[in-house]
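Here the structure comes first, spelled out in structure tokens, and everything after it is commentary.
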Amino acid sequence: MSMWSEKYRPKNIASMVGNEESRLKFVIWFRKWKPGSKAALLVGPPGTGKTTLVHLAAKEFAMNLVELNASDTRKKDQLVKRIGEVASSENLYGERSLIFLDEVDGLSGRKDFGAIDFIKDTVKSAQNPVVMAANDPESEQVRKLSDVSLVIRFRPPAPREVELYLRSVAEEEGSTYTDEEYEAVVKGANGDLRYALNSFQSAGSTGYKDVEMTTVQAINTFFDAKDSETSLRALRAYPKQPRDKLRDLQASIIRSGLGGDERARALDVLSRADIIMGKIMNGKDWRLLRYFDSMLAHELKEALGDHAVQYSQDSAPWNLQLRIWNDSRKIKEITASYSGRLHQGRDSTAVQDIPYLFVLSSSKKFRGELLRSLNLDETFEKFLDKEAARVKVKE
Amino acid sequence: MKLVLGGWFRLPRLGSDVFSALMKQGVRYDRELGFKLGHESDVESAVKTISGALGEDMELSLMCLVCSNEACPSCPYAVTCDRRKVSPICLCGEHARGPGAFHTYVSTFASMLAE
Ligand SMILES: Nc1ncnc2c1ncn2[C@@H]1O[C@H](COP(=O)(O)OP(=O)(O)OP(=O)(O)O)[C@@H](O)[C@H]1O
Ligand SMILES: [Mg+2]
Ligand SMILES: [Zn+2]
């Protein structure tokens with residue numbers, strides 16, 4: 001079953017929703033582009049249609065699309081080189097190419113700032129239009145690239161427009177929903193259409209009676225499930241609080257011996273789910289919980305693929321991981337310096353090492369070393385003392 | 001003061017500091033038409049600047065793409081929608097729901113694209 005965010009991508013630029021002026025501005029830029037013109041830089045939050053717009057433009061204007069996702073580090077060096085070649089070559093096979101550097105704020109670290117300068121040079125001498133996309137308007141990368149770019153801002157589409165799009169999808173599916181159901185999905189999505197479409201999809205796939213399960217049953221059924229219906233049912237049947245559910249899933253995943261990639265992806269899903277959970281709790285909009293389970297089931301199963309996970313109840317140090325989500329500024333700062341030290345992305349492996357750091361910090365000597373090497377001040381020492389005291393290493 | 005995003009509005013003379021702040025915040029200015037807040041504007045900051053200068057709260061409304069009427073009255077999302085942060089064009093009650101609404105929206109935008 002394909003996800004609705006894939007199945008119901010807009011078919012042309014006109015049938016996207018939201019950001020009307022920005023879409024218009026982009027098309028005008030595109031039509032007027034000639035060698036020496038600026039690049040276009042689309043900046044805005046996830047799921048607002050930046051990538052979609054570029055793909056559709058290439059299609060509608062019958063241009064060859066050469067694409068580089070900047071956060072795909074493995075192929076980056078080769079691709080950057082290739083972009084340089086394509087950008088400077090005139091009318092490859094008699095047709096112009098549209099060059100797309102997606103997620104440029106994914107370029108990070110000192111090494112990549114070289115890449116930014118390279119991109120700037122490429123843009124200046126390009127014989128083909130270059131378009132870039134990024135999420136964060138405040139990022140260093142966006143600031144640097146805006147010298148050579150027409151910056152086009154994307155914002156979350158207004159709720160009524162998100163609803164309009166969902167209604168057009170429902171019509172194509174031949175399904176009906178109540179106004180309240182639309183409103184719940186739209187509010188939960190906060191202008192993210194990818195999220196809106198996928199939670200809308202999951203919301204429809206129900207129609208069974210929830211059964212009681214024990215914690216172990218629910219979690220194991222979830223991981224074992226071969227179809228999304230069963231996995232969703234298991235999550236719904238989980239007997240404790242939603243936050244406990246996230247914690248149990250997380251503990252099981254961490255204990256499972258999954259490979260680094262799958263594990264990171266699965267933990268990503270959970271941390272996103274945790275943020276959404278926070279929103280639900282704050283807004284006291286309990287109806288959204290229904291969509292929450294669907295979303296979680298869908299995304300987590302996808303992240304895990306065929307990898308086996310079993311319920312595992314956890315004690316320290318793993319449950320420290322939970323608090324990393326909970327926005328402890330100290331932990332974030334430590335993580336930032338630590339990833340900087342290791343030249344790793346802040347959201348990748350470094351984060352998973354942090355609990356180990358705490359465990360090791362119970363040794364005074366290690367703690368001293370750590371504080372010194374990460375350039376952290378004494379206030380962190382107290383903090384680490386406390387963290388270390390909480391941790392009981394399991395023999 | 002009520003302000004419709006995407007529409008022109010006038011302001012009393014507010015001094016050059018306020019004016020240049022508004023320009024920095026991406027507010028459009030035209031001698032004849034006045035000021036306009038749109039997708040290039042940092043609406044959140046500009047609204048702060050204006051309400052600070054006028055000493056009164058601002059009420060924001062979005063404009064309907066199809067008929068240019070105010071979109072927000074009668075909207076079920078009026079309470080939760082943060083109009084300083086969303087994309088500034090929307091749909092009014094008449095054009096937001098109902099058979100043909102999506103088609104009307106798409107063809108209205110398509111005709112703008114074709115111009
Ligand atoms: N404006 C839109 N109108 C209709 N559907 C949209 C729109 N934007 C996004 N979608 C849906 O969401 C999916 C993801 O959108 P897309 O990849 O274009 O987002 P993005 O802005 O590039 O996000 P990210 O910053 O995460 O890369 C699309 O496949 C489509 O189904
Ligand atoms: Mg994208
Ligand atoms: Zn209208």
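By convention here, the chains of the structure tokens are called A, B, ... in the order presented, each chain's residues are numbered starting at 1, and ligands are numbered starting at 1 in the order presented.
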
Residues of chain A no more than 7 Å from chain B, counting only C-alpha atoms: send them over as number ranges by chain. A: 14-15, 18-19, 21-22, 24, 153, 155-161, 164, 168

Produce a file of the selected residues containing C-alpha atoms, as a PDB file, in the first residue's frame.
ATOM      1  CA  ALA A  14      -1.605  24.821 -10.357  1.00  0.00           C
ATOM      2  CA  SER A  15      -3.039  21.953  -8.331  1.00  0.00           C
ATOM      3  CA  GLY A  18      -0.773  27.322  -0.483  1.00  0.00           C
ATOM      4  CA  ASN A  19       2.099  29.700  -1.218  1.00  0.00           C
ATOM      5  CA  GLU A  21       2.587  34.159  -4.574  1.00  0.00           C
ATOM      6  CA  SER A  22       5.723  32.094  -4.059  1.00  0.00           C
ATOM      7  CA  LEU A  24       4.015  32.427  -9.078  1.00  0.00           C
ATOM      8  CA  ARG A 153       9.815  31.989   1.101  1.00  0.00           C
ATOM      9  CA  ARG A 155       5.057  29.062   4.635  1.00  0.00           C
ATOM     10  CA  PRO A 156       2.595  26.506   5.962  1.00  0.00           C
ATOM     11  CA  PRO A 157      -0.527  26.734   3.806  1.00  0.00           C
ATOM     12  CA  ALA A 158      -3.568  28.136   5.625  1.00  0.00           C
ATOM     13  CA  PRO A 159      -5.705  25.378   7.196  1.00  0.00           C
ATOM     14  CA  ARG A 160      -8.644  25.797   4.837  1.00  0.00           C
ATOM     15  CA  GLU A 161      -6.355  25.160   1.864  1.00  0.00           C
ATOM     16  CA  LEU A 164      -9.390  21.657   0.381  1.00  0.00           C
ATOM     17  CA  SER A 168      -9.957  16.529  -3.333  1.00  0.00           C
TER      18      SER A 168
END

Pick out the residues no farther than 6 Å from ligand 1, counting only C-alpha atoms and all ligand atoms, and list them as an MDAnalysis selection string. chainID A and resid 5:6 8:10 16:18 45:52 135 193:194

Store the residues of this selection in a file with all heavy atoms, as a short mmCIF file (atom, residue, chain, number, x, y, z; two decimals), in the first residue's frame.
data_model
loop_
_atom_site.label_atom_id
_atom_site.label_comp_id
_atom_site.auth_asym_id
_atom_site.auth_seq_id
_atom_site.Cartn_x
_atom_site.Cartn_y
_atom_site.Cartn_z
N SER A 5 0.98 10.44 0.60
CA SER A 5 1.82 11.58 0.23
C SER A 5 2.53 11.30 -1.10
O SER A 5 2.91 12.21 -1.82
CB SER A 5 2.85 11.88 1.31
OG SER A 5 3.67 10.76 1.53
N GLU A 6 2.68 10.01 -1.43
CA GLU A 6 3.25 9.65 -2.74
C GLU A 6 2.15 9.56 -3.78
O GLU A 6 2.24 10.13 -4.87
CB GLU A 6 3.97 8.29 -2.66
CG GLU A 6 5.14 8.25 -1.69
CD GLU A 6 6.18 9.30 -2.03
OE1 GLU A 6 6.41 9.55 -3.23
OE2 GLU A 6 6.75 9.89 -1.09
N TYR A 8 -0.84 10.78 -3.91
CA TYR A 8 -1.60 11.98 -4.25
C TYR A 8 -0.74 13.23 -4.31
O TYR A 8 -1.17 14.30 -3.91
CB TYR A 8 -2.77 12.16 -3.28
CG TYR A 8 -3.81 11.09 -3.47
CD1 TYR A 8 -3.98 10.09 -2.52
CD2 TYR A 8 -4.59 11.06 -4.61
CE1 TYR A 8 -4.91 9.08 -2.72
CE2 TYR A 8 -5.52 10.06 -4.82
CZ TYR A 8 -5.68 9.07 -3.87
OH TYR A 8 -6.60 8.09 -4.08
N ARG A 9 0.46 13.05 -4.85
CA ARG A 9 1.24 14.26 -5.14
C ARG A 9 0.46 15.09 -6.14
O ARG A 9 -0.14 14.54 -7.05
CB ARG A 9 2.51 13.89 -5.89
CG ARG A 9 3.57 13.25 -5.16
CD ARG A 9 4.48 12.62 -6.21
NE ARG A 9 5.38 11.68 -5.59
CZ ARG A 9 6.58 12.02 -5.17
NH1 ARG A 9 7.02 13.21 -5.38
NH2 ARG A 9 7.32 11.15 -4.56
N PRO A 10 0.55 16.41 -6.04
CA PRO A 10 -0.11 17.24 -7.04
C PRO A 10 0.42 16.92 -8.44
O PRO A 10 1.60 16.60 -8.58
CB PRO A 10 0.27 18.67 -6.63
CG PRO A 10 0.86 18.57 -5.29
CD PRO A 10 1.28 17.18 -5.04
N MET A 16 -1.26 22.41 -6.76
CA MET A 16 -0.72 22.42 -5.40
C MET A 16 -1.58 23.40 -4.59
O MET A 16 -2.35 24.16 -5.16
CB MET A 16 0.73 22.93 -5.39
CG MET A 16 1.70 22.06 -6.17
SD MET A 16 3.34 22.81 -6.28
CE MET A 16 3.93 22.56 -4.60
N VAL A 17 -1.45 23.38 -3.27
CA VAL A 17 -2.15 24.40 -2.48
C VAL A 17 -1.16 25.22 -1.66
O VAL A 17 -0.06 24.76 -1.34
CB VAL A 17 -3.23 23.79 -1.55
CG1 VAL A 17 -4.37 23.18 -2.35
CG2 VAL A 17 -2.61 22.74 -0.61
N GLY A 18 -1.59 26.43 -1.31
CA GLY A 18 -0.77 27.32 -0.48
C GLY A 18 0.33 28.01 -1.26
O GLY A 18 0.60 27.68 -2.42
N PRO A 45 9.28 25.44 5.69
CA PRO A 45 9.17 24.23 6.50
C PRO A 45 8.84 22.97 5.68
O PRO A 45 8.43 23.08 4.52
CB PRO A 45 8.04 24.55 7.48
CG PRO A 45 7.28 25.67 6.87
CD PRO A 45 8.24 26.43 6.01
N PRO A 46 9.03 21.80 6.28
CA PRO A 46 8.78 20.53 5.61
C PRO A 46 7.34 20.38 5.13
O PRO A 46 6.41 20.89 5.76
CB PRO A 46 9.05 19.48 6.69
CG PRO A 46 9.89 20.14 7.70
CD PRO A 46 9.56 21.60 7.65
N GLY A 47 7.20 19.67 4.02
CA GLY A 47 5.86 19.31 3.55
C GLY A 47 5.06 20.47 3.01
O GLY A 47 3.84 20.42 2.95
N THR A 48 5.74 21.54 2.57
CA THR A 48 5.00 22.66 2.00
C THR A 48 5.10 22.68 0.48
O THR A 48 4.50 23.53 -0.16
CB THR A 48 5.49 24.00 2.57
OG1 THR A 48 6.92 24.07 2.45
CG2 THR A 48 5.12 24.13 4.04
N GLY A 49 5.90 21.75 -0.08
CA GLY A 49 5.87 21.59 -1.54
C GLY A 49 7.08 22.14 -2.29
O GLY A 49 7.00 22.35 -3.50
N LYS A 50 8.19 22.34 -1.61
CA LYS A 50 9.37 22.88 -2.30
C LYS A 50 9.91 21.89 -3.33
O LYS A 50 10.06 22.23 -4.51
CB LYS A 50 10.46 23.23 -1.26
CG LYS A 50 9.99 24.23 -0.22
CD LYS A 50 11.04 24.51 0.84
CE LYS A 50 11.44 23.28 1.66
NZ LYS A 50 10.34 22.74 2.49
N THR A 51 10.16 20.67 -2.87
CA THR A 51 10.66 19.64 -3.78
C THR A 51 9.64 19.36 -4.88
O THR A 51 9.98 19.27 -6.07
CB THR A 51 10.98 18.35 -2.99
OG1 THR A 51 11.95 18.67 -1.98
CG2 THR A 51 11.55 17.28 -3.90
N THR A 52 8.39 19.26 -4.48
CA THR A 52 7.32 19.01 -5.44
C THR A 52 7.29 20.08 -6.53
O THR A 52 7.17 19.77 -7.72
CB THR A 52 5.96 18.99 -4.69
OG1 THR A 52 6.02 18.01 -3.66
CG2 THR A 52 4.82 18.68 -5.63
N ASN A 135 15.22 24.40 4.61
CA ASN A 135 14.17 24.58 5.61
C ASN A 135 14.34 25.84 6.44
O ASN A 135 13.38 26.53 6.75
CB ASN A 135 14.12 23.39 6.58
CG ASN A 135 13.61 22.13 5.94
OD1 ASN A 135 14.22 21.09 6.02
ND2 ASN A 135 12.46 22.23 5.29
N LEU A 193 1.78 19.20 4.55
CA LEU A 193 0.87 18.40 3.72
C LEU A 193 1.28 16.94 3.64
O LEU A 193 0.43 16.06 3.48
CB LEU A 193 0.78 18.99 2.31
CG LEU A 193 -0.25 20.11 2.26
CD1 LEU A 193 0.14 21.17 1.28
CD2 LEU A 193 -1.62 19.54 1.92
N ARG A 194 2.56 16.69 3.75
CA ARG A 194 3.01 15.29 3.77
C ARG A 194 2.37 14.59 4.96
O ARG A 194 1.75 13.52 4.83
CB ARG A 194 4.53 15.24 3.88
CG ARG A 194 5.09 13.82 3.83
CD ARG A 194 6.54 13.81 4.24
NE ARG A 194 7.43 14.35 3.23
CZ ARG A 194 8.21 15.40 3.40
NH1 ARG A 194 8.22 16.04 4.55
NH2 ARG A 194 8.99 15.84 2.45
#

Give me, as a ChimeraX atom specification, all polymer residues having an atom no more than 10 Å from Gly84 in chain A, counting only C-alpha atoms and skipping those fewer than 2 positions away in the same chain. /A:79-82,86-89,99,118-119,121-123,125-126

Store the residues picked out above in a file with N, CA, C and O atoms, as a PDB file, in the first residue's frame.
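Heads up, here's the output in again-v5.pdb:
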ATOM      1  N   LEU A  79      28.650  14.048  -6.727  1.00  0.00           N
ATOM      2  CA  LEU A  79      27.519  14.783  -7.279  1.00  0.00           C
ATOM      3  C   LEU A  79      27.808  16.260  -7.419  1.00  0.00           C
ATOM      4  O   LEU A  79      27.458  16.882  -8.418  1.00  0.00           O
ATOM      5  N   VAL A  80      28.488  16.798  -6.405  1.00  0.00           N
ATOM      6  CA  VAL A  80      28.816  18.215  -6.479  1.00  0.00           C
ATOM      7  C   VAL A  80      29.635  18.482  -7.731  1.00  0.00           C
ATOM      8  O   VAL A  80      29.425  19.454  -8.451  1.00  0.00           O
ATOM      9  N   LYS A  81      30.544  17.570  -8.011  1.00  0.00           N
ATOM     10  CA  LYS A  81      31.381  17.722  -9.197  1.00  0.00           C
ATOM     11  C   LYS A  81      30.522  17.674 -10.464  1.00  0.00           C
ATOM     12  O   LYS A  81      30.655  18.480 -11.365  1.00  0.00           O
ATOM     13  N   ARG A  82      29.636  16.712 -10.464  1.00  0.00           N
ATOM     14  CA  ARG A  82      28.776  16.543 -11.632  1.00  0.00           C
ATOM     15  C   ARG A  82      27.894  17.773 -11.842  1.00  0.00           C
ATOM     16  O   ARG A  82      27.693  18.213 -12.968  1.00  0.00           O
ATOM     17  N   VAL A  86      27.509  19.883 -15.251  1.00  0.00           N
ATOM     18  CA  VAL A  86      26.246  20.096 -15.947  1.00  0.00           C
ATOM     19  C   VAL A  86      25.881  21.574 -15.988  1.00  0.00           C
ATOM     20  O   VAL A  86      25.418  22.086 -17.009  1.00  0.00           O
ATOM     21  N   ALA A  87      26.140  22.257 -14.859  1.00  0.00           N
ATOM     22  CA  ALA A  87      25.747  23.664 -14.784  1.00  0.00           C
ATOM     23  C   ALA A  87      26.459  24.484 -15.845  1.00  0.00           C
ATOM     24  O   ALA A  87      25.895  25.409 -16.414  1.00  0.00           O
ATOM     25  N   SER A  88      27.706  24.126 -16.118  1.00  0.00           N
ATOM     26  CA  SER A  88      28.476  24.973 -17.017  1.00  0.00           C
ATOM     27  C   SER A  88      28.359  24.536 -18.474  1.00  0.00           C
ATOM     28  O   SER A  88      28.749  25.260 -19.372  1.00  0.00           O
ATOM     29  N   SER A  89      27.822  23.342 -18.701  1.00  0.00           N
ATOM     30  CA  SER A  89      27.737  22.910 -20.093  1.00  0.00           C
ATOM     31  C   SER A  89      26.461  23.445 -20.709  1.00  0.00           C
ATOM     32  O   SER A  89      25.395  23.402 -20.120  1.00  0.00           O
ATOM     33  N   ILE A  99      18.879  22.495 -12.648  1.00  0.00           N
ATOM     34  CA  ILE A  99      19.741  21.895 -11.637  1.00  0.00           C
ATOM     35  C   ILE A  99      19.170  22.160 -10.262  1.00  0.00           C
ATOM     36  O   ILE A  99      18.880  23.300  -9.912  1.00  0.00           O
ATOM     37  N   PHE A 118      31.722  26.706  -3.541  1.00  0.00           N
ATOM     38  CA  PHE A 118      31.697  26.062  -4.846  1.00  0.00           C
ATOM     39  C   PHE A 118      30.348  26.285  -5.530  1.00  0.00           C
ATOM     40  O   PHE A 118      30.279  26.631  -6.712  1.00  0.00           O
ATOM     41  N   ILE A 119      29.282  26.121  -4.763  1.00  0.00           N
ATOM     42  CA  ILE A 119      27.941  26.318  -5.325  1.00  0.00           C
ATOM     43  C   ILE A 119      27.770  27.773  -5.784  1.00  0.00           C
ATOM     44  O   ILE A 119      27.246  28.047  -6.860  1.00  0.00           O
ATOM     45  N   ASP A 121      30.027  29.859  -6.813  1.00  0.00           N
ATOM     46  CA  ASP A 121      30.754  30.053  -8.074  1.00  0.00           C
ATOM     47  C   ASP A 121      30.009  29.421  -9.237  1.00  0.00           C
ATOM     48  O   ASP A 121      29.901  30.007 -10.316  1.00  0.00           O
ATOM     49  N   THR A 122      29.517  28.194  -8.977  1.00  0.00           N
ATOM     50  CA  THR A 122      28.781  27.483 -10.017  1.00  0.00           C
ATOM     51  C   THR A 122      27.585  28.308 -10.489  1.00  0.00           C
ATOM     52  O   THR A 122      27.336  28.445 -11.681  1.00  0.00           O
ATOM     53  N   VAL A 123      26.854  28.851  -9.524  1.00  0.00           N
ATOM     54  CA  VAL A 123      25.661  29.629  -9.853  1.00  0.00           C
ATOM     55  C   VAL A 123      26.021  30.815 -10.739  1.00  0.00           C
ATOM     56  O   VAL A 123      25.360  31.095 -11.738  1.00  0.00           O
ATOM     57  N   SER A 125      28.357  31.274 -12.839  1.00  0.00           N
ATOM     58  CA  SER A 125      28.753  31.028 -14.223  1.00  0.00           C
ATOM     59  C   SER A 125      27.849  30.012 -14.914  1.00  0.00           C
ATOM     60  O   SER A 125      28.152  29.545 -16.007  1.00  0.00           O
ATOM     61  N   ALA A 126      26.707  29.685 -14.268  1.00  0.00           N
ATOM     62  CA  ALA A 126      25.894  28.589 -14.800  1.00  0.00           C
ATOM     63  C   ALA A 126      25.257  28.916 -16.147  1.00  0.00           C
ATOM     64  O   ALA A 126      24.805  30.036 -16.380  1.00  0.00           O
TER      65      ALA A 126
END

What's around Ser146 in chain A at 12 Å? Count only C-alpha atoms, leave out sequence neighbours fewer than 6 positions away in its own chain, and write the answer as a list in words.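 My reading of the contact set: Lys38, Ala39, Ala40, Leu41, Leu42, Val43, Val104, Ile116, Asp117, Ile119, Lys120, Val123, Val131, Met132, Ala133, Ala134, Pro137, Glu138, Ser139, Glu140, Ile152 and Arg153 of chain A.
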
I'd like the neighbourhood of Thr221 in chain A as a list in words, where a residue qualifies if any of its atoms comes within 8 Å (using only C-alpha atoms), though same-chain residues fewer than 6 positions away should be ignored.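 With the cut-off at 8 Å, the set is Thr230, Ser231 and Ala234 of chain A.
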
Please report, as number ranges by chain, each residue of chain B to which DSSP assigns strand (DSSP E or B) when run on this structure's backbone. B: 2-4, 8-9, 28-30, 34-36, 59-61, 63-64, 70, 89-90

Could you write out that same residue set with N, CA and C atoms as a short mmCIF file (atom, residue, chain, number, x, y, z; two decimals), in the first residue's frame?
data_model
loop_
_atom_site.label_atom_id
_atom_site.label_comp_id
_atom_site.auth_asym_id
_atom_site.auth_seq_id
_atom_site.Cartn_x
_atom_site.Cartn_y
_atom_site.Cartn_z
N LYS B 2 -7.70 46.68 11.65
CA LYS B 2 -7.80 45.41 10.94
C LYS B 2 -7.01 45.48 9.63
N LEU B 3 -6.34 44.40 9.34
CA LEU B 3 -5.45 44.43 8.19
C LEU B 3 -5.63 43.15 7.38
N VAL B 4 -5.89 43.29 6.11
CA VAL B 4 -6.05 42.11 5.27
C VAL B 4 -4.73 41.83 4.55
N TRP B 8 -3.75 46.19 -0.07
CA TRP B 8 -3.10 47.47 0.24
C TRP B 8 -3.81 48.14 1.41
N PHE B 9 -3.06 48.84 2.22
CA PHE B 9 -3.68 49.59 3.32
C PHE B 9 -2.86 50.86 3.56
N ARG B 28 5.75 45.99 1.35
CA ARG B 28 5.79 46.73 0.08
C ARG B 28 5.20 48.13 0.30
N TYR B 29 5.74 49.10 -0.44
CA TYR B 29 5.19 50.45 -0.34
C TYR B 29 4.98 51.03 -1.73
N ASP B 30 3.89 51.68 -1.90
CA ASP B 30 3.60 52.34 -3.16
C ASP B 30 2.95 53.69 -2.82
N GLY B 34 -0.28 52.73 -0.96
CA GLY B 34 0.00 52.55 0.46
C GLY B 34 0.92 51.37 0.71
N PHE B 35 0.60 50.59 1.75
CA PHE B 35 1.46 49.48 2.17
C PHE B 35 0.79 48.15 1.87
N LYS B 36 1.63 47.11 1.78
CA LYS B 36 1.07 45.78 1.56
C LYS B 36 1.97 44.73 2.21
N GLU B 59 -5.62 43.29 14.03
CA GLU B 59 -6.37 42.07 13.74
C GLU B 59 -6.07 41.71 12.29
N LEU B 60 -5.60 40.49 12.08
CA LEU B 60 -5.20 40.10 10.73
C LEU B 60 -6.27 39.25 10.07
N SER B 61 -6.42 39.42 8.78
CA SER B 61 -7.29 38.52 8.04
C SER B 61 -6.61 38.13 6.73
N MET B 63 -6.89 36.79 2.66
CA MET B 63 -7.75 37.16 1.54
C MET B 63 -8.08 35.91 0.72
N CYS B 64 -9.28 35.85 0.19
CA CYS B 64 -9.68 34.70 -0.62
C CYS B 64 -9.06 34.81 -2.02
N GLU B 70 -12.51 38.93 2.34
CA GLU B 70 -11.86 38.47 3.56
C GLU B 70 -12.19 37.01 3.80
N ILE B 89 -2.44 33.77 1.57
CA ILE B 89 -3.70 33.73 0.81
C ILE B 89 -4.52 32.52 1.26
N CYS B 90 -5.82 32.67 1.28
CA CYS B 90 -6.67 31.56 1.73
C CYS B 90 -7.96 31.53 0.90
#

May I ask which of the residues B:Ser45, B:Gln25, B:Ser16, B:Asn69 is the closest one to ligand 3, counting only C-alpha atoms and all ligand atoms?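 Checking each of B:Ser45, B:Gln25, B:Ser16, B:Asn69 against ligand 3, counting only C-alpha atoms and all ligand atoms, the winner is B:Asn69.
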
Hey, what's within 7 Å of Gln250 in chain A if we count only C-alpha atoms and toss same-chain stuff fewer than 4 positions away? As an MDAnalysis selection string, please? chainID A and resid 246 254 267

Could those residues be written to a file, using C-alpha atoms, as a compact mmCIF listing (two decimals), in the first residue's frame?
# COMPACT_ATOMS: atom_id res chain seq x y z
CA LEU A 246 6.85 5.61 23.18
CA ILE A 254 17.58 0.29 21.32
CA LEU A 267 14.52 6.72 16.82

Using DSSP secondary structure from the backbone, list all helix (DSSP H, G or I) positions within range 137-252 of chain A, as a ChimeraX atom specification. /A:140-148,159-173,179-189,193-204,215-224,228-237,242-252

Rounded to one decimal, what separation in Å do you get between CA of Asp102 in chain A and CA of Ser149 in chain A?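 Rounded to one decimal, the two atoms are 14.2 Å apart.
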
Residue with the minimum atom-to-atom distance to ligand 2, picked from A:Thr215, A:Gln141, A:Ser175, A:Asn69 with only C-alpha atoms and all ligand atoms counted, is A:Asn69

Could you tell me how far CA of Gly260 in chain A sits from CA of Leu101 in chain A, in Å to one decimal place?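 Straight-line distance from CA of Leu101 in chain A to CA of Gly260 in chain A works out to 26.5 Å.
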